[in-house]
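start07.pdb (PDB, C-alpha atoms, pLDDT in the B column)
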```
ATOM      1  CA  MET A   4     -82.060  10.338 -38.141  1.00 50.00           C
ATOM      2  CA  LYS A   5     -83.840  13.533 -39.035  1.00 70.00           C
ATOM      3  CA  ARG A   6     -87.325  13.332 -40.476  1.00 78.00           C
ATOM      4  CA  LYS A   7     -86.197  15.278 -43.554  1.00 83.00           C
ATOM      5  CA  THR A   8     -83.729  12.547 -44.407  1.00 85.00           C
ATOM      6  CA  THR A   9     -86.261   9.752 -44.061  1.00 87.00           C
ATOM      7  CA  LEU A  10     -88.800  11.814 -45.988  1.00 90.00           C
ATOM      8  CA  PHE A  11     -86.261  12.204 -48.809  1.00 93.00           C
ATOM      9  CA  LEU A  12     -85.609   8.449 -48.760  1.00 92.00           C
ATOM     10  CA  ARG A  13     -89.345   7.705 -48.835  1.00 93.00           C
ATOM     11  CA  LEU A  14     -89.798  10.024 -51.803  1.00 95.00           C
ATOM     12  CA  SER A  15     -86.854   8.323 -53.515  1.00 95.00           C
ATOM     13  CA  ILE A  16     -88.454   4.912 -52.977  1.00 95.00           C
ATOM     14  CA  LEU A  17     -91.746   6.158 -54.390  1.00 96.00           C
ATOM     15  CA  LEU A  18     -89.980   7.718 -57.379  1.00 97.00           C
ATOM     16  CA  VAL A  19     -88.087   4.511 -58.159  1.00 96.00           C
ATOM     17  CA  ALA A  20     -91.288   2.485 -57.819  1.00 96.00           C
ATOM     18  CA  ALA A  21     -93.163   4.840 -60.148  1.00 97.00           C
ATOM     19  CA  VAL A  22     -90.397   4.889 -62.776  1.00 97.00           C
ATOM     20  CA  ILE A  23     -90.109   1.086 -62.858  1.00 96.00           C
ATOM     21  CA  PHE A  24     -93.901   0.745 -63.034  1.00 96.00           C
ATOM     22  CA  ILE A  25     -94.090   3.182 -65.961  1.00 97.00           C
ATOM     23  CA  ILE A  26     -91.251   1.433 -67.800  1.00 95.00           C
ATOM     24  CA  CYS A  27     -92.923  -1.962 -67.353  1.00 94.00           C
ATOM     25  CA  LEU A  28     -96.246  -0.578 -68.504  1.00 95.00           C
ATOM     26  CA  LEU A  29     -94.725   1.073 -71.580  1.00 95.00           C
ATOM     27  CA  MET A  30     -92.807  -2.103 -72.467  1.00 92.00           C
ATOM     28  CA  PHE A  31     -95.998  -4.135 -72.148  1.00 90.00           C
ATOM     29  CA  PHE A  32     -98.016  -1.861 -74.428  1.00 91.00           C
ATOM     30  CA  PHE A  33     -95.132  -1.621 -76.896  1.00 91.00           C
ATOM     31  CA  LEU A  34     -94.938  -5.422 -77.098  1.00 87.00           C
ATOM     32  CA  ILE A  35     -98.675  -5.714 -77.624  1.00 87.00           C
ATOM     33  CA  LYS A  36     -98.562  -3.110 -80.387  1.00 87.00           C
ATOM     34  CA  SER A  37     -95.541  -4.574 -82.195  1.00 84.00           C
ATOM     35  CA  PRO A  38     -94.623  -8.147 -81.246  1.00 81.00           C
ATOM     36  CA  VAL A  39     -91.090  -9.446 -81.466  1.00 82.00           C
ATOM     37  CA  SER A  40     -89.861 -11.078 -84.649  1.00 82.00           C
ATOM     38  CA  PRO A  41     -90.521 -14.847 -84.631  1.00 82.00           C
ATOM     39  CA  ALA A  42     -86.784 -15.488 -85.031  1.00 82.00           C
ATOM     40  CA  TYR A  43     -86.124 -13.871 -81.641  1.00 82.00           C
ATOM     41  CA  ALA A  44     -89.362 -14.767 -79.851  1.00 82.00           C
ATOM     42  CA  ASN A  45     -88.046 -17.953 -78.211  1.00 85.00           C
ATOM     43  CA  SER A  46     -85.368 -15.969 -76.356  1.00 85.00           C
ATOM     44  CA  ILE A  47     -86.936 -12.515 -75.885  1.00 88.00           C
ATOM     45  CA  TYR A  48     -90.256 -13.578 -74.375  1.00 89.00           C
ATOM     46  CA  PRO A  49     -88.703 -15.711 -71.592  1.00 92.00           C
ATOM     47  CA  ILE A  50     -86.365 -12.816 -70.786  1.00 91.00           C
ATOM     48  CA  LEU A  51     -89.258 -10.362 -70.589  1.00 91.00           C
ATOM     49  CA  THR A  52     -91.319 -12.794 -68.536  1.00 93.00           C
ATOM     50  CA  GLY A  53     -88.426 -13.139 -66.098  1.00 94.00           C
ATOM     51  CA  ILE A  54     -88.031  -9.374 -65.901  1.00 94.00           C
ATOM     52  CA  TYR A  55     -91.725  -8.954 -65.134  1.00 95.00           C
ATOM     53  CA  ILE A  56     -91.571 -11.706 -62.499  1.00 96.00           C
ATOM     54  CA  THR A  57     -88.656  -9.939 -60.795  1.00 96.00           C
ATOM     55  CA  THR A  58     -90.855  -6.913 -60.211  1.00 96.00           C
ATOM     56  CA  ILE A  59     -92.682  -8.884 -57.495  1.00 97.00           C
ATOM     57  CA  PRO A  60     -89.664  -9.225 -55.159  1.00 97.00           C
ATOM     58  CA  PHE A  61     -88.484  -5.767 -56.235  1.00 97.00           C
ATOM     59  CA  TYR A  62     -91.683  -4.076 -55.065  1.00 97.00           C
ATOM     60  CA  THR A  63     -91.724  -6.244 -51.955  1.00 97.00           C
ATOM     61  CA  ALA A  64     -88.215  -5.036 -51.096  1.00 96.00           C
ATOM     62  CA  LEU A  65     -89.236  -1.427 -51.716  1.00 96.00           C
ATOM     63  CA  TYR A  66     -92.231  -1.876 -49.414  1.00 96.00           C
ATOM     64  CA  MET A  67     -90.000  -3.370 -46.714  1.00 96.00           C
ATOM     65  CA  ALA A  68     -87.566  -0.469 -47.091  1.00 95.00           C
ATOM     66  CA  PHE A  69     -90.509   1.908 -46.695  1.00 94.00           C
ATOM     67  CA  LYS A  70     -91.582   0.058 -43.527  1.00 95.00           C
ATOM     68  CA  LEU A  71     -88.002   0.199 -42.234  1.00 93.00           C
ATOM     69  CA  LEU A  72     -87.993   3.966 -42.691  1.00 92.00           C
ATOM     70  CA  ASN A  73     -91.267   4.133 -40.754  1.00 92.00           C
ATOM     71  CA  TYR A  74     -89.653   2.139 -37.936  1.00 92.00           C
ATOM     72  CA  ILE A  75     -86.716   4.545 -37.921  1.00 89.00           C
ATOM     73  CA  ASP A  76     -89.051   7.549 -37.747  1.00 89.00           C
ATOM     74  CA  SER A  77     -91.008   6.070 -34.867  1.00 89.00           C
ATOM     75  CA  SER A  78     -87.796   5.297 -32.895  1.00 85.00           C
ATOM     76  CA  MET A  79     -88.206   1.564 -33.439  1.00 87.00           C
ATOM     77  CA  ALA A  80     -85.003   1.107 -35.439  1.00 84.00           C
ATOM     78  CA  PHE A  81     -83.465  -1.346 -32.980  1.00 87.00           C
ATOM     79  CA  THR A  82     -86.424  -3.693 -32.690  1.00 89.00           C
ATOM     80  CA  PRO A  83     -87.222  -7.166 -34.059  1.00 91.00           C
ATOM     81  CA  PRO A  84     -89.597  -5.809 -36.771  1.00 92.00           C
ATOM     82  CA  SER A  85     -86.658  -3.884 -38.253  1.00 92.00           C
ATOM     83  CA  VAL A  86     -84.600  -7.076 -38.325  1.00 93.00           C
ATOM     84  CA  THR A  87     -87.503  -8.849 -40.026  1.00 94.00           C
ATOM     85  CA  ALA A  88     -87.779  -6.097 -42.642  1.00 94.00           C
ATOM     86  CA  LEU A  89     -84.060  -6.378 -43.420  1.00 94.00           C
ATOM     87  CA  SER A  90     -84.410 -10.149 -43.631  1.00 95.00           C
ATOM     88  CA  LYS A  91     -87.186  -9.814 -46.191  1.00 96.00           C
ATOM     89  CA  ILE A  92     -85.145  -7.285 -48.182  1.00 96.00           C
ATOM     90  CA  LYS A  93     -82.269  -9.768 -48.198  1.00 96.00           C
ATOM     91  CA  LEU A  94     -84.520 -12.596 -49.399  1.00 97.00           C
ATOM     92  CA  CYS A  95     -85.990 -10.390 -52.122  1.00 97.00           C
ATOM     93  CA  ALA A  96     -82.535  -9.411 -53.360  1.00 96.00           C
ATOM     94  CA  PHE A  97     -81.404 -13.048 -53.418  1.00 96.00           C
ATOM     95  CA  SER A  98     -84.560 -14.045 -55.295  1.00 97.00           C
ATOM     96  CA  ILE A  99     -84.003 -11.306 -57.885  1.00 96.00           C
ATOM     97  CA  SER A 100     -80.452 -12.536 -58.344  1.00 96.00           C
ATOM     98  CA  GLY A 101     -81.693 -16.119 -58.689  1.00 96.00           C
ATOM     99  CA  LEU A 102     -84.340 -15.170 -61.224  1.00 96.00           C
ATOM    100  CA  TYR A 103     -81.767 -13.395 -63.361  1.00 95.00           C
ATOM    101  CA  VAL A 104     -79.525 -16.450 -63.165  1.00 95.00           C
ATOM    102  CA  LEU A 105     -82.459 -18.419 -64.612  1.00 95.00           C
ATOM    103  CA  ILE A 106     -82.829 -15.821 -67.378  1.00 95.00           C
ATOM    104  CA  MET A 107     -79.134 -15.943 -68.342  1.00 94.00           C
ATOM    105  CA  PRO A 108     -79.378 -18.913 -70.759  1.00 93.00           C
ATOM    106  CA  PHE A 109     -81.971 -17.002 -72.775  1.00 93.00           C
ATOM    107  CA  ILE A 110     -79.793 -13.893 -72.747  1.00 91.00           C
ATOM    108  CA  PHE A 111     -76.918 -16.066 -73.984  1.00 91.00           C
ATOM    109  CA  LEU A 112     -79.119 -17.423 -76.811  1.00 89.00           C
ATOM    110  CA  LEU A 113     -80.165 -13.910 -77.772  1.00 88.00           C
ATOM    111  CA  ALA A 114     -76.579 -12.634 -77.679  1.00 87.00           C
ATOM    112  CA  ASP A 115     -75.410 -15.589 -79.756  1.00 86.00           C
ATOM    113  CA  LYS A 116     -78.191 -15.165 -82.316  1.00 85.00           C
ATOM    114  CA  ASP A 117     -77.702 -11.399 -82.562  1.00 81.00           C
ATOM    115  CA  ASP A 118     -73.887 -11.644 -82.333  1.00 81.00           C
ATOM    116  CA  ALA A 119     -73.819  -9.206 -79.401  1.00 81.00           C
ATOM    117  CA  PRO A 120     -71.477 -10.479 -76.676  1.00 79.00           C
ATOM    118  CA  GLY A 121     -72.052  -7.316 -74.641  1.00 84.00           C
ATOM    119  CA  ALA A 122     -75.594  -8.470 -73.978  1.00 84.00           C
ATOM    120  CA  ILE A 123     -74.223 -11.202 -71.713  1.00 86.00           C
ATOM    121  CA  LEU A 124     -72.477  -8.573 -69.594  1.00 88.00           C
ATOM    122  CA  MET A 125     -75.718  -6.599 -69.411  1.00 88.00           C
ATOM    123  CA  GLY A 126     -77.428  -9.739 -68.144  1.00 87.00           C
ATOM    124  CA  LEU A 127     -74.813 -10.167 -65.428  1.00 92.00           C
ATOM    125  CA  VAL A 128     -75.255  -6.646 -64.033  1.00 93.00           C
ATOM    126  CA  PRO A 129     -78.601  -7.273 -62.250  1.00 93.00           C
ATOM    127  CA  ILE A 130     -77.269 -10.538 -60.824  1.00 94.00           C
ATOM    128  CA  PHE A 131     -74.289  -8.890 -59.191  1.00 95.00           C
ATOM    129  CA  VAL A 132     -76.125  -5.725 -58.138  1.00 95.00           C
ATOM    130  CA  SER A 133     -78.857  -7.666 -56.381  1.00 95.00           C
ATOM    131  CA  ALA A 134     -76.288 -10.020 -54.835  1.00 95.00           C
ATOM    132  CA  VAL A 135     -74.386  -7.028 -53.412  1.00 96.00           C
ATOM    133  CA  ILE A 136     -77.629  -5.600 -52.023  1.00 95.00           C
ATOM    134  CA  ALA A 137     -78.466  -8.988 -50.493  1.00 95.00           C
ATOM    135  CA  VAL A 138     -75.069  -9.288 -48.822  1.00 95.00           C
ATOM    136  CA  PHE A 139     -75.291  -5.709 -47.556  1.00 95.00           C
ATOM    137  CA  ALA A 140     -78.773  -6.372 -46.151  1.00 94.00           C
ATOM    138  CA  ALA A 141     -77.493  -9.574 -44.512  1.00 94.00           C
ATOM    139  CA  VAL A 142     -74.658  -7.675 -42.817  1.00 95.00           C
ATOM    140  CA  LEU A 143     -77.049  -4.959 -41.647  1.00 93.00           C
ATOM    141  CA  GLN A 144     -79.493  -7.600 -40.440  1.00 93.00           C
ATOM    142  CA  ARG A 145     -76.793  -9.307 -38.388  1.00 94.00           C
ATOM    143  CA  LEU A 146     -75.581  -6.027 -36.888  1.00 93.00           C
ATOM    144  CA  LEU A 147     -79.123  -4.952 -36.100  1.00 91.00           C
ATOM    145  CA  GLN A 148     -79.915  -8.347 -34.564  1.00 91.00           C
ATOM    146  CA  GLU A 149     -76.849  -8.062 -32.325  1.00 91.00           C
ATOM    147  CA  ALA A 150     -77.933  -4.560 -31.277  1.00 88.00           C
ATOM    148  CA  VAL A 151     -81.440  -5.839 -30.507  1.00 87.00           C
ATOM    149  CA  ASP A 152     -79.989  -8.728 -28.475  1.00 86.00           C
ATOM    150  CA  ILE A 153     -77.706  -6.396 -26.511  1.00 86.00           C
ATOM    151  CA  LYS A 154     -80.622  -4.044 -25.862  1.00 81.00           C
ATOM    152  CA  ALA A 155     -82.773  -6.963 -24.685  1.00 79.00           C
ATOM    153  CA  GLU A 156     -80.009  -8.169 -22.355  1.00 80.00           C
ATOM    154  CA  SER A 157     -79.532  -4.696 -20.888  1.00 79.00           C
ATOM    155  CA  ASP A 158     -83.299  -4.387 -20.366  1.00 75.00           C
ATOM    156  CA  LEU A 159     -83.305  -7.702 -18.480  1.00 74.00           C
ATOM    157  CA  THR A 160     -80.467  -6.670 -16.149  1.00 74.00           C
ATOM    158  CA  ILE A 161     -82.189  -3.438 -15.101  1.00 63.00           C
TER     159      ILE A 161
END
```
So, in terms of structure tokens, how does the structure I just supplied come out?
Amino acid sequence: MKRKTTLFLRLSILLVAAVIFIICLLMFFFLIKSPVSPAYANSIYPILTGIYITTIPFYTALYMAFKLLNYIDSSMAFTPPSVTALSKIKLCAFSISGLYVLIMPFIFLLADKDDAPGAILMGLVPIFVSAVIAVFAAVLQRLLQEAVDIKAESDLTI
């Protein structure tokens, strides 16, 4: 892979990380300045807490993707550290999906209280997106592990 491509991907990762950080920061200061109505507090605050907790595996996955790009640049794409990075990305994506599953009852309460059934669909989007990313990372991890095993076998026969 050309260095320009990996540089573009690195910049994309940094841009996504910066945008999410800024959004979280703005949401935090907005909530401090004007708290949620007490009628909605028992459903909104757990949702926001869950969203903030999901930033931990999100940034971990972004860091692992950054490391994976470094491995690709240094011609270490088909090595065990690359497989480990994909494994951690997969675990992060599954944990994000699991955290949003835990948030769903609160989203349901909020949608029921506000009479907004579309909010439930909006709560399902991160679950399915992160599950798709996790499955994709698992497939890539398996393919990469097989390539590493084949490379190790060919190195032993030489």
In terms of the shortest atom-to-atom distance over only C-alpha atoms, which of A:Leu113, A:Val151, A:Leu72, A:Leu102 is closest to Lys7 (chain A)?
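The closest residue to Lys7 (chain A) is A:Leu72.
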Residues at most 10 Å from Ile136 (chain A), counting only C-alpha atoms, excluding those fewer than 6 positions away in the same chain, as a PyMOL selection string?
chain A and resi 92-93+95-97+100+142
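When only C-alpha atoms are used to measure the gap to Val104 (chain A), the shortest distance among A:Ala64, A:Ala80, A:Ile54, A:Cys27 belongs to A:Ile54.
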Expanded to explicit residues, what is the PyMOL selection byres ((chain A and resi 16-21) around 9) for this file, as a PyMOL selection string?
chain A and resi 11-15+22-26+61-62+65-66+68-69
Return as JSON the box centre and box size in Å, one decimal, for an axis-aligned box around all listed atoms of region 63-82 of chain A padded by 3 Å per side.
```
{"center_x": -87.8, "center_y": 0.7, "center_z": -42.3, "size_x": 14.8, "size_y": 19.8, "size_z": 25.3}
```
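Using all atoms listed in the file, the protein and nucleic acid residues lying no more than 9 Å from Lys5 (chain A), apart from those fewer than 4 places from it along its own chain, are Thr9, Leu10 and Asp76 of chain A.
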Exactly which residues make up the result of the PyMOL selection byres ((chain A and resi 89) around 9) on this file, given as a list of chain:residue names?
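This file, filtered by the PyMOL selection byres ((chain A and resi 89) around 9), leaves A:Ala64, A:Met67, A:Ala68, A:Leu71, A:Pro84, A:Ser85, A:Val86, A:Thr87, A:Ala88, A:Ser90, A:Lys91, A:Ile92, A:Lys93, A:Leu94, A:Ala140, A:Ala141, A:Leu143, A:Gln144, A:Leu147.
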How many Å lie between CA of Pro129 (chain A) and CA of Phe33 (chain A), rounded to one decimal?
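Taking CA of Pro129 (chain A) as the start and CA of Phe33 (chain A) as the end point, the length is 22.8 Å.
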Please write the residues picked by the PyMOL selection byres ((chain A and resi 125) around 12) on this file as a PDB file with C-alpha atoms, in the coordinates of the input.
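Once written, expr-v7.pdb looks like this:
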```pdb
ATOM      1  CA  TYR A 103     -81.767 -13.395 -63.361  1.00 95.00           C
ATOM      2  CA  ILE A 106     -82.829 -15.821 -67.378  1.00 95.00           C
ATOM      3  CA  MET A 107     -79.134 -15.943 -68.342  1.00 94.00           C
ATOM      4  CA  ILE A 110     -79.793 -13.893 -72.747  1.00 91.00           C
ATOM      5  CA  PHE A 111     -76.918 -16.066 -73.984  1.00 91.00           C
ATOM      6  CA  LEU A 113     -80.165 -13.910 -77.772  1.00 88.00           C
ATOM      7  CA  ALA A 114     -76.579 -12.634 -77.679  1.00 87.00           C
ATOM      8  CA  ALA A 119     -73.819  -9.206 -79.401  1.00 81.00           C
ATOM      9  CA  PRO A 120     -71.477 -10.479 -76.676  1.00 79.00           C
ATOM     10  CA  GLY A 121     -72.052  -7.316 -74.641  1.00 84.00           C
ATOM     11  CA  ALA A 122     -75.594  -8.470 -73.978  1.00 84.00           C
ATOM     12  CA  ILE A 123     -74.223 -11.202 -71.713  1.00 86.00           C
ATOM     13  CA  LEU A 124     -72.477  -8.573 -69.594  1.00 88.00           C
ATOM     14  CA  GLY A 126     -77.428  -9.739 -68.144  1.00 87.00           C
ATOM     15  CA  LEU A 127     -74.813 -10.167 -65.428  1.00 92.00           C
ATOM     16  CA  VAL A 128     -75.255  -6.646 -64.033  1.00 93.00           C
ATOM     17  CA  PRO A 129     -78.601  -7.273 -62.250  1.00 93.00           C
ATOM     18  CA  ILE A 130     -77.269 -10.538 -60.824  1.00 94.00           C
ATOM     19  CA  PHE A 131     -74.289  -8.890 -59.191  1.00 95.00           C
ATOM     20  CA  VAL A 132     -76.125  -5.725 -58.138  1.00 95.00           C
TER      21      VAL A 132
END
```
CA of Gly101 (chain A) to CA of Ile59 (chain A), straight-line distance in Å:
13.2 Å
